[in-house]
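Presented below is the structure to which this report refers.
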Amino acid sequence: MSSTRELILAIESSCDETSVAVVLDGHIILSNIIATQINSHKRFGGVVPEIASRHHVEAITICAQEALEQAHVDYSDLTAVAVTYGPGLVGALLIGISAAKAIAYAHQLPLIPVNHMAGHMYAAAFVTELHYPLLALLVSGGHTELVYMKAAGEFEIVGDTRDDAVGEAYDKVGRVLGVPYPAGKTIDEMAHQGQDTFNFPRAMLQEHNLDFSFSGLKSAFINTVHHADQKQETLNANDLAASFQASCTDILVGKTLEALAKFPVQQLIVAGGVAANLGLREQLKAALTANQLDIELIFPPLRLCGDNGAMIGAAAHVMLARKEPFAGLDLNADPSLSFDYGETVQV
Amino acid sequence: MYELAIDTSNRPLSVAVVDETTVLASFETNQKLTHSETLMPAVDQVLKASGLSINDIDRFAVAMGPGSYTGIRIGVTTAKTLAWTLGKPLVGLSSLRVLASNVTPSPKLLVPLMDARRDNVFAGIYQWALGQDWQLLNVLQDQHLALTQLLAEIKALGQPAIFMGAVAPFRQQIFAALGQQAEFATPFNDLPHAANLAMLAWQAEPVADIHSFTPNYLRKTEAEVNWLKDHEGEGHGPYVQEV
Ligand SMILES: [Zn+2]
């Protein structure tokens with residue numbers, strides 16, 4: 001094989017998916033093996049960190065072997081090994097890191113330490129070429145952030161959640177509705193069959209900053225259901241879901257529009273697990289049209305919205321191009337790794 | 001034939017390179033360091049000190065638990081990935097057996113133990129069969145049990161017993177229960193030595209399938225224990241599925 005090809009073996013294990021991918025030149029997926037533990041954590045209504053770590057050990061080398069086989073790639077073809085080192089569950093991260101270090105060391109390959117959230121954003125690189133500056137809305141079980149990217153590989157948080165992440169709110173509301181974990185997809189489906197009749201609050205939309213809050217919405221939802229329970233009334237579950245989702249998307253879309261007004265860009269990336277939400281996709285599209293904003297809206301395909309190795313490979317490609325330092329053999333997990341906050345918008 | 005051995009079961013970290021008869025190099029620390037930061041640099045260091053590269057290693061050995069969950073996972077994941085990616089055999093041995101092998105030659109009962117909190121320990125009982133070939137026999141299987149229960153088992157066996165490992169917090173309790181029947185190892189023998197692990201591993205059968213090799217935790221997580229109370233016989237895997 002030609003040595004001009006850049007081939008990155010990328011490993012992701014920050015939460016409850018073990019994934020290994022081979023990415024060519026930063027934007028072509030040769031393989032992207034994903035082993036999910038959802039079936040296990042369903043038993044507990046959420047991810048149990050110790051159990052997640054145990055499952056990663058079971059899956060890690062199987063995923064790596066399949067990724068190499070499916071890509072028809074040998075170690076001698078590889079340019080580098082990349083791995084998520086944060087943010088995420090520390091015990092889970094350590095499995096990917098230990099495996100990545102072992103592979104890199106055994107085959108004398110450079111090791112690229114990747115920020116998981118940068119990975120989510122660069123899932124968009126598989127959709128289209130990215131033009132900077134751009135703006136990204138990162139929405140997942142752990143994050144709700146607006147990120148401004150002045151240039152490739154430069155991340156600045158311009159808006160953040162003050163309490164719950166939006167995906168977290170979905171899971172908590174899902175528990176009240178009796179929806180199995182993870183609740184996002186089911187609530188999205190229910191929402192499409194119901195009406196926004198409850199008018200839950202839209203927190204902080206009045207305030208002129210780019211921060212989010214979902215705890216008020218969550219409490220309003222829970223209180224509504226509990227009051228009805230006490231009065232032995234049955235509320236329409238689809239309407240509840242629709243009302244909750246409408247409030248969430250209003251907050252997300254509202255703050256994103258505000259960010260677009262402050263930061264003129266040509267592209268808007270929506271990334272992270274919640275980017276799979278159809279309600280959010282529809283509303284964002286509609287909002288851009290209604291506001292006559294000529295902005296390219298990029299949603300990664302559903303498979304690349306959740307955690308996966310390919311997105312880590314795409315982010316690693318950018319780091320390689322920027323000649324960012326490689327990780328040493330002493331690379332450790334950084335469970336609370338974050339982007340820097342933008343100074344211009346600090347409140 | 002060269003073998004690389006790793007023990008990260010608890011706070012101590014130990015890595016060694018051996019051939020069939022000789023210890024070429026070893027690295028040990030008992031400082032409170034994170035194994036993820038220390039392990040691979042230690043591997044690199046012992047290889048360099050042995051004049052070898054990772055490609056010269058013919059076999060990998062690892063202490064597979066019990067111990068600190070995160071600790072054993074780092075050692076096991078590193079060893080299994082090295083063995084798999086280099087296409088070499090992997091041997092996994094009990095972390096308690098590794099500790100027991102510190103004391104030799106002795107016909108006494110060897111009792112390696114680790115603190116499992118709330119007056120519980122991870123422990124086993126071992127004993128050398130002193131024939132032509134020494135064999136470290138397992139008298140009581142490795143398990144997670146109350147210290148009082150372990151001491152009762154030893155008392156019933158009625159033989160002198162040498163304790164080693166994380167013994168310090170339990171010394172008085174052991175002495176109170178067993179009196180003169182109990183002896184304690186030296187501080188050096190309280191620590192796992194990867195060189196001993198490596199020598200035991202030459203005699204052991206490599207794992208048949210490296211992919212399915214996982215630590216021996218000897219204890220279910222609290223979440224699973226609670227879940228099983230209400231769901232006996234239900235909800236079988238596969239818990240990890242490719243999608
Ligand atoms: Zn994620």
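Identifiers in this document derive from the order of the structure tokens: chains are assigned A, B, ..., residues are numbered from 1 separately in each chain, and ligands are numbered from 1 in order of occurrence.
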Could you write out, as a PyMOL selection string, all the residues of region 48-283 of chain A that DSSP marks as alpha helix (DSSP H)?
-> chain A and resi 49-71+90-106+116-122+166-177+184-191+215-230+237-262+278-283
Find the residues in chain B near chain A: any atom within 10 Å counts, using only C-alpha atoms. Write them as a ChimeraX atom specification.
-> /B:34-44,53-55,69-71,73-86,210-215,217,220-224,226-228,231,235-243
Option closest in space to ligand 1, from A:Leu109, A:Ala71, A:Met149, A:Val274 [counting only C-alpha atoms and all ligand atoms] = A:Val274
Those in region 70-201 of chain A with strand (DSSP E or B) from DSSP, as a PyMOL selection string | chain A and resi 80-86+111-115+134-139+144-149+156-161
Please extract the residues at most 7 Å from ligand 1, counting only C-alpha atoms and all ligand atoms, and provide them as a list in words, using the chain letters and residue numbers of this document.
->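 Counting only what the definition allows, namely only C-alpha atoms and all ligand atoms, the set is His116, Met117, His120, Ser140, Gly272, Gly273, Gly306 and Asp307 of chain A.
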Check the smallest atom-to-atom distance from each of A:Val253, A:Leu260, A:Leu137, A:Ala242 to Glu282 (chain A) using only C-alpha atoms, then report the winner.
->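 Looking at the shortest contact to Glu282 (chain A), the residue is A:Val253.
Near Phe163 (chain B), within 7 Å and counting only C-alpha atoms, sit Leu110, Val111, Pro112, Glu183, Phe184 and Ala185 of chain B; same-chain residues fewer than 5 positions away were not included.
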Each residue of region 39-100 of chain B with at least one atom at most 12 Å from region 134-138 of chain B should appear once, together with its nearest atom pair and the corresponding distance in Å (one decimal); atoms considered: only C-alpha atoms; ordering: chain, then increasing residue number; output as a Markdown table.
```
| residue | atom | partner | partner_atom | distance |
| --- | --- | --- | --- | --- |
| B:Ser94 | CA | B:Asn138 | CA | 10.7 |
| B:Leu96 | CA | B:Asn138 | CA | 10.3 |
| B:Arg97 | CA | B:Leu136 | CA | 8.1 |
| B:Val98 | CA | B:Leu136 | CA | 10.0 |
| B:Leu99 | CA | B:Leu136 | CA | 11.3 |
| B:Ala100 | CA | B:Leu136 | CA | 8.4 |
```
Give me the residues within 10 Å of Glu6 (chain A) as a ChimeraX atom specification, counting only C-alpha atoms and dropping any in the same chain fewer than 6 places off.
-> /A:23-26,77-80,317,320
Between B:Val17, B:Glu3, B:Arg171, B:Ser106, smallest distance to Pro89 (chain B) by only C-alpha atoms belongs to B:Glu3
Show me a table, sorted first by chain and then by increasing residue number, of the residues of region 118-216 of chain A having an atom at most 9 Å from region 294-298 of chain A, each with its shortest atom pair and the distance in Å to one decimal, counting only C-alpha atoms and written as CSV.
```
residue,atom,partner,partner_atom,distance
A:Ala124,CA,A:Ile298,CA,6.5
A:Val127,CA,A:Ile298,CA,7.4
A:Thr128,CA,A:Ile298,CA,8.0
```
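Restricting the calculation to only C-alpha atoms, the smallest distance between Gly67 (chain B) and any of B:Pro107, B:Gly165, B:Gly131, B:Pro187 is found for B:Gly165.
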Which value, in Å to one decimal, gives the distance between CA of Ala152 (chain B) and CA of Pro105 (chain B)?
-> 25.2 Å
Could you pull the residues within 10 Å of Gln193 (chain A), counting only C-alpha atoms, minus those fewer than 6 positions along the same chain, as a PyMOL selection string?
-> chain A and resi 187+237-239+241-242
Could you save the residues just selected, with N, CA and C atoms, as a tab-separated table (two decimals), in the first residue's frame?
```
chain	number	residue	atom	x	y	z
A	187	ILE	N	-38.75	9.15	23.25
A	187	ILE	CA	-39.43	10.42	23.53
A	187	ILE	C	-39.62	11.21	22.23
A	237	ALA	N	-49.38	10.75	27.56
A	237	ALA	CA	-47.92	10.63	27.56
A	237	ALA	C	-47.31	11.25	26.31
A	238	ASN	N	-47.98	11.13	25.18
A	238	ASN	CA	-47.44	11.71	23.95
A	238	ASN	C	-47.43	13.24	24.02
A	239	ASP	N	-48.48	13.79	24.61
A	239	ASP	CA	-48.52	15.25	24.77
A	239	ASP	C	-47.42	15.72	25.74
A	241	ALA	N	-44.56	14.22	26.21
A	241	ALA	CA	-43.31	14.13	25.47
A	241	ALA	C	-43.17	15.28	24.48
A	242	ALA	N	-44.26	15.58	23.78
A	242	ALA	CA	-44.23	16.66	22.78
A	242	ALA	C	-43.94	18.00	23.46
```
